[in-house]
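Encoded as structure tokens, the structure appears first; notes follow it.
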Amino acid sequence: MASPYRAIFAAPGAGRFSAAGLVGRMPLSMMGIGIVTMISQLTGRYGLAGALAATLAMSAAGLGPLISRLVDRHGQRRVLRPAALTAVTAVTGLLVCAERSAPEWTLFVFAAGAGSVPSVGSMVRARWAELYRGSPRELHAAYSWESIVDELCFIFGPIIAIGLSTAWFPAAGPTLAALFLVTGVFWLTAQRATEPVPQPREHHTGGTALRSPALQVLVVTFVATGAIFGSVDVVTVAFAEERGNKTAASLVLAVYALGSCLAGLVFGLLRPRGSASGRWLVGVCAMAVSMIPLQLAGNLPILAVALFVAGLSVAPTMVTTMALVEAHVPRTNLTEGMTWVSTGLAVGVALGSSAAGWAVDAAGARTGFAVPVVSGVAAALVALVGHRRLRERPTDREGYGADDQHRYGRGDDEVPGTHLA
């Protein structure tokens with residue numbers, strides 16, 4: 001392990017809570033694609049599969065910030081365990097109804113209930129932020145590491161979910177995802193020593209983290225970015241099936257995540273300088289441009305290469321995004337602020353997967369690849385219009401206490417974890 005990463009794990013408990021976060025985040029890459037694979041296996045309808053995945057994502061988008069706001073006020077253990085158990089119960093209902101060909105409305109009811117799944121990645125990043133608050137280099141490495149963990153989930157999660165659902169039984173992938181969720185959440189919340197202490201009631205303003213104009217820009221941009229991810233997942237599965245090798249879709253999607261994982265690993269070793277908002281804008285535009293070559297993919301190997309290149313811009317952009325959130329959101333709302341980014345992604349995944357599913361049903365997978373291109377253009381346009389807000393100092397706005405003003409009384413070039421001496 002390179003020295004910046006070795007250094008962050010010197011803190012007691014860091015390795016354990018990061019490992020628990022890896023297990024708890026596996027459903028992030030398994031549940032949606034597992035449901036798409038299961039429903040397409042059982043019914044052959046990608047439109048229904050995409051709509052159910054979209055319902056799950058939209059529900060998670062609505063409930064996620066609420067769960068994280070409760071965590072900021074009451075602590076991770078008291079909130080995450082009931083939320084995870086509720087999600088698993090709903091997933092179980094969805095799988096039973098799907099296997100027994102229950103009415104479609106029951107599938108949507110349980111898919112909506114499964115949206116109570118907590119944002120485990122935000123919980124882990126909040127622990128890193130608490131552990132290395134005021135240590136920019138360590139926090140940069142920690143956020144880079146967690147982006148690597150995210151991509152590890154997306155490398156192995158789709159392989160496991162699609163592989164099990166196609167080779168064993170249709171509900172196998174979502175079932176294992178639910179088991180990962182319960183195991184990861186209970187393991188993480190058992191580690192009380194590294195759990196961020198909830199701020200006293202009087203420190204909470206009562207408002208939402210989304211009051212931050214910078215966070216608004218990040219969230220809206222990541223709605224469009226999420227649409228890229230959701231549509232790529234659905235269209236890749238359909239593309240592989242059209243070529244008689246549906247199982248290979250998991251390998252192609254793993255290559256996409258591998259490109260992001262390697263980029264995140266290298267990015268964590270660097271000491272980037274200059275404007276964080278500028279690097280973020282470049283990253284979003286690079287993701288948009290990288291969708292264009294997908295239109296030229298005529299077979300699975302070419303598609304895999306195109307997605308590997310596309311993945312190189314993902315993790316560095318996410319690392320910078322989380323650093324910007326940490327810089328622009330008050331400490332009392334940090335977990336909620338990080339979850340809002342995940343919420344934007346979830347909404348985008350819902351829209352992208354649904355749109356891609358209908359496009360595939362209507363005109364085939366090649367036409368479906370137009371969805372991530374359009375989504376990328378939308379992300380770049382929003383980022384271009386709104387990135388100025390990311391350059392404003394948080395102290396120019398209301399809602400920051402004395403501690404936050406001391407912490408954030410800097411220009412954009414000194415966002416924690418992004419401008420390193």
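Chain identifiers are assigned as A, B, and so on, following the order in which chains appear in the structure tokens; residues are numbered from 1 within each chain, and ligands are numbered from 1 in order of appearance.
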Q: Identify all residues of region 175-411 of chain A in alpha helix (DSSP H) (DSSP on the backbone) and supply them as a VMD selection string.
A: chain A and resid 175 to 189 213 to 242 248 to 269 276 to 289 300 to 311 314 to 328 334 to 363 365 to 368 370 to 386 402 to 408
- Task: Excluding Val197 (chain A) and residues on its chain fewer than 4 positions from it, collect all residues at most 10 Å away from it, counting only C-alpha atoms, and give them as a PyMOL selection string.
- Result: chain A and resi 71-76+127+130+192-193
Original post:
So, counting only C-alpha atoms, which residue among A:Ser116, A:Thr92, A:Ser275, A:Thr320 is closest to Ala60 (chain A)?
Top reply: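 Of all the options, A:Ser116 lies closest to Ala60 (chain A).
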Inset, instruction - Would you list the contacts of Ala83 (chain A) as a ChimeraX atom specification, taking every protein, DNA or RNA residue within 8 Å and counting only C-alpha atoms, but skipping same-chain residues closer than 2 positions in sequence? - result: /A:67,79-81,85-87,116-118
How would the residues just chosen look if you wrote them out with all heavy atoms as a PDB file, in the first residue's frame?
```
ATOM      1  N   ILE A  67     -32.921  10.066   6.367  1.00  0.00           N
ATOM      2  CA  ILE A  67     -32.202   9.133   7.238  1.00  0.00           C
ATOM      3  C   ILE A  67     -30.889   9.749   7.703  1.00  0.00           C
ATOM      4  O   ILE A  67     -30.536   9.683   8.888  1.00  0.00           O
ATOM      5  CB  ILE A  67     -31.958   7.795   6.502  1.00  0.00           C
ATOM      6  CG1 ILE A  67     -33.294   7.077   6.268  1.00  0.00           C
ATOM      7  CG2 ILE A  67     -31.006   6.906   7.288  1.00  0.00           C
ATOM      8  CD1 ILE A  67     -33.186   5.859   5.381  1.00  0.00           C
ATOM      9  N   VAL A  79     -30.053   4.963  14.183  1.00  0.00           N
ATOM     10  CA  VAL A  79     -30.855   5.185  12.978  1.00  0.00           C
ATOM     11  C   VAL A  79     -30.638   4.113  11.918  1.00  0.00           C
ATOM     12  O   VAL A  79     -31.587   3.647  11.282  1.00  0.00           O
ATOM     13  CB  VAL A  79     -30.546   6.580  12.387  1.00  0.00           C
ATOM     14  CG1 VAL A  79     -31.314   6.802  11.092  1.00  0.00           C
ATOM     15  CG2 VAL A  79     -30.876   7.674  13.394  1.00  0.00           C
ATOM     16  N   LEU A  80     -29.391   3.705  11.710  1.00  0.00           N
ATOM     17  CA  LEU A  80     -29.075   2.833  10.577  1.00  0.00           C
ATOM     18  C   LEU A  80     -29.646   1.426  10.724  1.00  0.00           C
ATOM     19  O   LEU A  80     -30.086   0.823   9.735  1.00  0.00           O
ATOM     20  CB  LEU A  80     -27.560   2.748  10.381  1.00  0.00           C
ATOM     21  CG  LEU A  80     -26.837   4.049  10.008  1.00  0.00           C
ATOM     22  CD1 LEU A  80     -25.391   3.762   9.657  1.00  0.00           C
ATOM     23  CD2 LEU A  80     -27.534   4.749   8.853  1.00  0.00           C
ATOM     24  N   ARG A  81     -29.626   0.890  11.921  1.00  0.00           N
ATOM     25  CA  ARG A  81     -30.114  -0.483  12.081  1.00  0.00           C
ATOM     26  C   ARG A  81     -31.601  -0.632  11.750  1.00  0.00           C
ATOM     27  O   ARG A  81     -31.968  -1.516  10.958  1.00  0.00           O
ATOM     28  CB  ARG A  81     -29.788  -0.981  13.490  1.00  0.00           C
ATOM     29  CG  ARG A  81     -28.293  -1.207  13.687  1.00  0.00           C
ATOM     30  CD  ARG A  81     -27.972  -1.875  15.007  1.00  0.00           C
ATOM     31  NE  ARG A  81     -26.544  -2.220  15.099  1.00  0.00           N
ATOM     32  CZ  ARG A  81     -26.008  -2.936  16.068  1.00  0.00           C
ATOM     33  NH1 ARG A  81     -26.773  -3.385  17.058  1.00  0.00           N
ATOM     34  NH2 ARG A  81     -24.705  -3.212  16.058  1.00  0.00           N
ATOM     35  N   LEU A  85     -33.062  -2.819   8.401  1.00  0.00           N
ATOM     36  CA  LEU A  85     -34.025  -3.911   8.577  1.00  0.00           C
ATOM     37  C   LEU A  85     -35.305  -3.642   7.797  1.00  0.00           C
ATOM     38  O   LEU A  85     -35.904  -4.562   7.216  1.00  0.00           O
ATOM     39  CB  LEU A  85     -34.332  -4.108  10.058  1.00  0.00           C
ATOM     40  CG  LEU A  85     -33.181  -4.667  10.906  1.00  0.00           C
ATOM     41  CD1 LEU A  85     -33.563  -4.700  12.382  1.00  0.00           C
ATOM     42  CD2 LEU A  85     -32.768  -6.059  10.429  1.00  0.00           C
ATOM     43  N   THR A  86     -35.732  -2.397   7.757  1.00  0.00           N
ATOM     44  CA  THR A  86     -36.911  -2.040   6.960  1.00  0.00           C
ATOM     45  C   THR A  86     -36.662  -2.295   5.483  1.00  0.00           C
ATOM     46  O   THR A  86     -37.517  -2.854   4.773  1.00  0.00           O
ATOM     47  CB  THR A  86     -37.263  -0.558   7.178  1.00  0.00           C
ATOM     48  OG1 THR A  86     -37.537  -0.330   8.555  1.00  0.00           O
ATOM     49  CG2 THR A  86     -38.483  -0.173   6.353  1.00  0.00           C
ATOM     50  N   ALA A  87     -35.492  -1.916   5.004  1.00  0.00           N
ATOM     51  CA  ALA A  87     -35.159  -2.122   3.591  1.00  0.00           C
ATOM     52  C   ALA A  87     -35.116  -3.601   3.238  1.00  0.00           C
ATOM     53  O   ALA A  87     -35.645  -4.017   2.198  1.00  0.00           O
ATOM     54  CB  ALA A  87     -33.817  -1.460   3.276  1.00  0.00           C
ATOM     55  N   SER A 116     -35.540   2.590   1.783  1.00  0.00           N
ATOM     56  CA  SER A 116     -35.052   3.008   3.101  1.00  0.00           C
ATOM     57  C   SER A 116     -33.625   2.543   3.366  1.00  0.00           C
ATOM     58  O   SER A 116     -33.097   2.740   4.462  1.00  0.00           O
ATOM     59  CB  SER A 116     -35.973   2.474   4.201  1.00  0.00           C
ATOM     60  OG  SER A 116     -35.999   1.052   4.208  1.00  0.00           O
ATOM     61  N   VAL A 117     -32.992   1.965   2.377  1.00  0.00           N
ATOM     62  CA  VAL A 117     -31.592   1.555   2.518  1.00  0.00           C
ATOM     63  C   VAL A 117     -30.731   2.781   2.812  1.00  0.00           C
ATOM     64  O   VAL A 117     -30.814   3.782   2.106  1.00  0.00           O
ATOM     65  CB  VAL A 117     -31.096   0.825   1.255  1.00  0.00           C
ATOM     66  CG1 VAL A 117     -31.259   1.690   0.023  1.00  0.00           C
ATOM     67  CG2 VAL A 117     -29.655   0.388   1.414  1.00  0.00           C
ATOM     68  N   PRO A 118     -29.926   2.753   3.877  1.00  0.00           N
ATOM     69  CA  PRO A 118     -29.121   3.943   4.223  1.00  0.00           C
ATOM     70  C   PRO A 118     -27.933   4.108   3.294  1.00  0.00           C
ATOM     71  O   PRO A 118     -27.458   3.157   2.674  1.00  0.00           O
ATOM     72  CB  PRO A 118     -28.663   3.650   5.656  1.00  0.00           C
ATOM     73  CG  PRO A 118     -28.666   2.162   5.759  1.00  0.00           C
ATOM     74  CD  PRO A 118     -29.783   1.678   4.875  1.00  0.00           C
TER      75      PRO A 118
END
```
Shortest contact to Gly298 (chain A), candidates A:Val232, A:Ala365, A:Ala310, A:Ile160, atoms counted only C-alpha atoms, goes to A:Ala365
Which residues are near Arg389 (chain A)? Cut-off 9 Å, only C-alpha atoms, ignore same chain within fewer than 2 positions. Put them as a compact mmCIF listing (two decimals) with C-alpha atoms, in the first residue's frame.
```txt
# COMPACT_ATOMS: atom_id res chain seq x y z
CA PRO A 213 -26.00 26.99 -3.23
CA ALA A 214 -22.83 24.98 -3.90
CA LEU A 215 -24.49 21.76 -2.78
CA VAL A 217 -25.14 22.70 -8.04
CA SER A 277 -14.18 23.84 -8.75
CA GLY A 386 -23.39 26.59 -11.94
CA HIS A 387 -19.74 25.99 -11.08
CA ARG A 391 -16.01 29.25 -5.87
CA GLU A 392 -17.96 31.29 -3.31
CA ARG A 393 -16.78 31.10 0.27
```
Best match for closeness to Met26 (chain A) among A:Thr183, A:Thr106, A:Ser135, A:Ser144, counting only C-alpha atoms: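 Answer, going by the shortest atom-to-atom distance: A:Thr183.
When only C-alpha atoms are used to compute distances to Ser165 (chain A), the closest of the residues A:Thr236, A:Gln41, A:Ser59, A:Thr225 turns out to be A:Gln41.
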Interface rows for region 29-107 of chain A against region 251-271 of chain A: nearest pair, Å to one decimal, 12 Å, only C-alpha atoms, as CSV:
```
residue,atom,partner,partner_atom,distance
A:Ser29,CA,A:Leu253,CA,10.2
A:Met30,CA,A:Leu253,CA,11.6
A:Ile33,CA,A:Leu253,CA,10.5
```
Can you tell me, as a compact mmCIF listing (two decimals) with N, CA, C and O atoms, in the first residue's frame, what residues are no more than 12 Å from region 21-24 of chain A when counting only C-alpha atoms, ignoring any on the same chain fewer than 5 positions away?
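Contents of result-v3.txt, as written:
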```txt
# COMPACT_ATOMS: atom_id res chain seq x y z
N ALA A 14 -9.73 2.50 11.86
CA ALA A 14 -9.98 2.97 10.51
C ALA A 14 -10.19 1.80 9.53
O ALA A 14 -11.10 1.83 8.70
N GLY A 15 -9.34 0.80 9.63
CA GLY A 15 -9.46 -0.34 8.74
C GLY A 15 -10.76 -1.09 8.93
O GLY A 15 -11.39 -1.53 7.96
N ARG A 16 -11.21 -1.19 10.16
CA ARG A 16 -12.44 -1.94 10.45
C ARG A 16 -13.67 -1.22 9.91
O ARG A 16 -14.54 -1.84 9.30
N SER A 29 -24.21 -1.50 -5.87
CA SER A 29 -23.95 -1.96 -7.24
C SER A 29 -24.71 -3.24 -7.59
O SER A 29 -24.75 -3.62 -8.76
N MET A 30 -25.32 -3.87 -6.61
CA MET A 30 -25.96 -5.17 -6.83
C MET A 30 -27.47 -5.10 -6.93
O MET A 30 -28.08 -5.83 -7.71
N MET A 31 -28.10 -4.25 -6.12
CA MET A 31 -29.55 -4.30 -6.01
C MET A 31 -30.26 -3.90 -7.28
O MET A 31 -31.12 -4.62 -7.79
N LEU A 80 -29.39 3.71 11.71
CA LEU A 80 -29.08 2.83 10.58
C LEU A 80 -29.65 1.43 10.72
O LEU A 80 -30.09 0.82 9.73
N ARG A 81 -29.63 0.89 11.92
CA ARG A 81 -30.11 -0.48 12.08
C ARG A 81 -31.60 -0.63 11.75
O ARG A 81 -31.97 -1.52 10.96
N ALA A 84 -32.01 -0.26 7.91
CA ALA A 84 -31.55 -1.41 7.14
C ALA A 84 -32.53 -2.57 7.23
O ALA A 84 -32.81 -3.25 6.22
N VAL A 117 -32.99 1.97 2.38
CA VAL A 117 -31.59 1.56 2.52
C VAL A 117 -30.73 2.78 2.81
O VAL A 117 -30.81 3.78 2.11
N PRO A 118 -29.93 2.75 3.88
CA PRO A 118 -29.12 3.94 4.22
C PRO A 118 -27.93 4.11 3.29
O PRO A 118 -27.46 3.16 2.67
N SER A 119 -27.43 5.33 3.22
CA SER A 119 -26.24 5.64 2.41
C SER A 119 -25.00 5.28 3.23
O SER A 119 -24.44 6.13 3.93
N VAL A 120 -24.57 4.05 3.13
CA VAL A 120 -23.44 3.58 3.93
C VAL A 120 -22.16 4.33 3.58
O VAL A 120 -21.34 4.65 4.46
N GLY A 121 -21.98 4.64 2.31
CA GLY A 121 -20.79 5.37 1.90
C GLY A 121 -20.68 6.73 2.59
O GLY A 121 -19.59 7.15 3.00
N SER A 122 -21.81 7.42 2.73
CA SER A 122 -21.80 8.71 3.42
C SER A 122 -21.44 8.54 4.89
O SER A 122 -20.74 9.38 5.48
N MET A 123 -21.90 7.46 5.50
CA MET A 123 -21.59 7.20 6.91
C MET A 123 -20.10 6.96 7.12
O MET A 123 -19.50 7.45 8.09
N VAL A 124 -19.49 6.24 6.20
CA VAL A 124 -18.06 5.97 6.31
C VAL A 124 -17.26 7.25 6.06
O VAL A 124 -16.30 7.55 6.78
N ARG A 125 -17.64 8.02 5.05
CA ARG A 125 -16.92 9.27 4.77
C ARG A 125 -17.07 10.25 5.94
O ARG A 125 -16.15 11.02 6.22
N ALA A 126 -18.21 10.24 6.60
CA ALA A 126 -18.38 11.11 7.77
C ALA A 126 -17.41 10.71 8.88
O ALA A 126 -16.90 11.56 9.61
N ARG A 127 -17.13 9.41 9.00
CA ARG A 127 -16.16 8.96 10.01
C ARG A 127 -14.76 9.43 9.64
O ARG A 127 -13.99 9.84 10.52
N TRP A 128 -14.42 9.35 8.36
CA TRP A 128 -13.11 9.85 7.93
C TRP A 128 -13.00 11.35 8.19
O TRP A 128 -11.96 11.84 8.64
N TRP A 145 -9.50 6.84 -1.17
CA TRP A 145 -9.63 5.43 -0.82
C TRP A 145 -11.09 4.99 -0.90
O TRP A 145 -11.39 3.91 -1.42
N GLU A 146 -12.00 5.80 -0.38
CA GLU A 146 -13.41 5.42 -0.40
C GLU A 146 -13.97 5.40 -1.81
O GLU A 146 -14.87 4.61 -2.11
N SER A 147 -13.43 6.22 -2.71
CA SER A 147 -13.83 6.12 -4.11
C SER A 147 -13.34 4.81 -4.71
O SER A 147 -14.04 4.19 -5.53
N ILE A 148 -12.16 4.37 -4.29
CA ILE A 148 -11.67 3.06 -4.73
C ILE A 148 -12.59 1.96 -4.23
O ILE A 148 -12.93 1.02 -4.96
N VAL A 149 -13.01 2.07 -2.97
CA VAL A 149 -13.93 1.08 -2.40
C VAL A 149 -15.24 1.06 -3.18
O VAL A 149 -15.79 -0.01 -3.48
N ASP A 150 -15.74 2.25 -3.51
CA ASP A 150 -16.96 2.32 -4.34
C ASP A 150 -16.78 1.53 -5.63
O ASP A 150 -17.66 0.76 -6.03
N GLU A 151 -15.65 1.74 -6.27
CA GLU A 151 -15.44 1.09 -7.56
C GLU A 151 -15.19 -0.41 -7.41
O GLU A 151 -15.56 -1.19 -8.29
N LEU A 152 -14.58 -0.82 -6.29
CA LEU A 152 -14.47 -2.26 -6.04
C LEU A 152 -15.85 -2.90 -5.96
O LEU A 152 -16.06 -4.01 -6.46
N CYS A 153 -16.78 -2.17 -5.34
CA CYS A 153 -18.15 -2.67 -5.29
C CYS A 153 -18.72 -2.81 -6.69
O CYS A 153 -19.40 -3.80 -7.01
N PHE A 154 -18.43 -1.82 -7.54
CA PHE A 154 -18.98 -1.86 -8.90
C PHE A 154 -18.21 -2.80 -9.82
O PHE A 154 -18.71 -3.15 -10.89
N PHE A 156 -17.06 -5.90 -8.62
CA PHE A 156 -17.48 -7.25 -8.24
C PHE A 156 -19.00 -7.38 -8.07
O PHE A 156 -19.54 -8.47 -8.28
N GLY A 157 -19.68 -6.29 -7.69
CA GLY A 157 -21.11 -6.38 -7.45
C GLY A 157 -21.91 -6.85 -8.65
O GLY A 157 -22.67 -7.82 -8.54
N LEU A 176 -28.60 -11.84 -2.10
CA LEU A 176 -27.27 -11.66 -1.52
C LEU A 176 -27.00 -10.19 -1.20
O LEU A 176 -26.36 -9.87 -0.20
N ALA A 177 -27.51 -9.29 -2.04
CA ALA A 177 -27.35 -7.86 -1.77
C ALA A 177 -27.97 -7.48 -0.43
O ALA A 177 -27.41 -6.70 0.34
N ALA A 178 -29.14 -8.04 -0.14
CA ALA A 178 -29.81 -7.76 1.14
C ALA A 178 -28.98 -8.28 2.31
O ALA A 178 -28.88 -7.63 3.36
N LEU A 179 -28.39 -9.44 2.14
CA LEU A 179 -27.54 -10.00 3.20
C LEU A 179 -26.31 -9.13 3.43
O LEU A 179 -25.89 -8.90 4.57
N PHE A 180 -25.72 -8.63 2.36
CA PHE A 180 -24.58 -7.72 2.48
C PHE A 180 -24.97 -6.47 3.26
O PHE A 180 -24.22 -5.98 4.11
N LEU A 181 -26.15 -5.94 2.98
CA LEU A 181 -26.60 -4.72 3.64
C LEU A 181 -26.71 -4.91 5.15
O LEU A 181 -26.17 -4.10 5.93
N VAL A 182 -27.38 -5.94 5.56
CA VAL A 182 -27.56 -6.19 7.00
C VAL A 182 -26.22 -6.42 7.68
O VAL A 182 -25.94 -5.84 8.74
N THR A 183 -25.37 -7.23 7.07
CA THR A 183 -24.07 -7.52 7.67
C THR A 183 -23.23 -6.26 7.79
O THR A 183 -22.64 -5.98 8.85
N GLY A 184 -23.15 -5.48 6.72
CA GLY A 184 -22.32 -4.28 6.74
C GLY A 184 -22.80 -3.24 7.72
O GLY A 184 -22.00 -2.65 8.46
N VAL A 185 -24.11 -2.99 7.76
CA VAL A 185 -24.65 -1.97 8.65
C VAL A 185 -24.46 -2.35 10.12
O VAL A 185 -24.04 -1.53 10.94
N PHE A 186 -24.74 -3.60 10.47
CA PHE A 186 -24.59 -4.00 11.86
C PHE A 186 -23.12 -4.05 12.27
O PHE A 186 -22.78 -3.75 13.42
N TRP A 187 -22.24 -4.42 11.34
CA TRP A 187 -20.80 -4.41 11.65
C TRP A 187 -20.30 -2.98 11.84
O TRP A 187 -19.56 -2.69 12.78
N LEU A 188 -20.73 -2.08 10.96
CA LEU A 188 -20.30 -0.70 11.07
C LEU A 188 -20.80 -0.05 12.36
O LEU A 188 -20.03 0.61 13.08
N THR A 189 -22.06 -0.23 12.67
CA THR A 189 -22.63 0.43 13.84
C THR A 189 -22.19 -0.20 15.15
O THR A 189 -22.40 0.39 16.21
N GLN A 191 -19.15 -0.52 15.81
CA GLN A 191 -17.88 0.16 16.08
C GLN A 191 -18.17 1.57 16.61
O GLN A 191 -18.18 2.55 15.87
```
> Quick one: residues within 8 Å of Leu42 (chain A), only C-alpha atoms counted, chain neighbours fewer than 3 positions away excluded, as a list in words?
Replying inline: Met38, Ile39, Ala98, Glu99 and Pro170 of chain A
Near Leu107 (chain A), counting only C-alpha atoms, which residues have an atom at most 7 Å away, once you skip same-chain residues fewer than 3 positions from it, shown as a list in words?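 Counting only the stated atoms, we get Leu94, Cys97, Ala98, Glu104, Phe110 and Ala111 of chain A.
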Now that the selection is made, can you save its residues with N, CA, C and O atoms as an mmCIF file, in the first residue's frame?
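Okay, selection_5.cif is ready:
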```cif
data_model
loop_
_atom_site.group_PDB
_atom_site.id
_atom_site.type_symbol
_atom_site.label_atom_id
_atom_site.label_comp_id
_atom_site.auth_asym_id
_atom_site.auth_seq_id
_atom_site.Cartn_x
_atom_site.Cartn_y
_atom_site.Cartn_z
ATOM 1 N N LEU A 94 -40.484 -7.936 -2.271
ATOM 2 C CA LEU A 94 -40.346 -7.770 -3.719
ATOM 3 C C LEU A 94 -39.964 -9.080 -4.392
ATOM 4 O O LEU A 94 -40.539 -9.464 -5.420
ATOM 5 N N CYS A 97 -42.910 -11.633 -4.349
ATOM 6 C CA CYS A 97 -43.954 -11.269 -5.310
ATOM 7 C C CYS A 97 -43.501 -11.515 -6.747
ATOM 8 O O CYS A 97 -44.289 -11.948 -7.595
ATOM 9 N N ALA A 98 -42.247 -11.223 -7.035
ATOM 10 C CA ALA A 98 -41.741 -11.447 -8.388
ATOM 11 C C ALA A 98 -41.721 -12.930 -8.740
ATOM 12 O O ALA A 98 -42.125 -13.321 -9.843
ATOM 13 N N GLU A 104 -48.427 -6.496 -10.666
ATOM 14 C CA GLU A 104 -47.286 -5.593 -10.810
ATOM 15 C C GLU A 104 -47.252 -4.502 -9.745
ATOM 16 O O GLU A 104 -46.173 -4.086 -9.315
ATOM 17 N N PHE A 110 -43.228 -2.700 -2.919
ATOM 18 C CA PHE A 110 -42.065 -3.200 -2.184
ATOM 19 C C PHE A 110 -40.767 -2.544 -2.669
ATOM 20 O O PHE A 110 -39.846 -2.323 -1.876
ATOM 21 N N ALA A 111 -40.695 -2.234 -3.958
ATOM 22 C CA ALA A 111 -39.508 -1.524 -4.455
ATOM 23 C C ALA A 111 -39.391 -0.150 -3.793
ATOM 24 O O ALA A 111 -38.292 0.289 -3.435
#
```
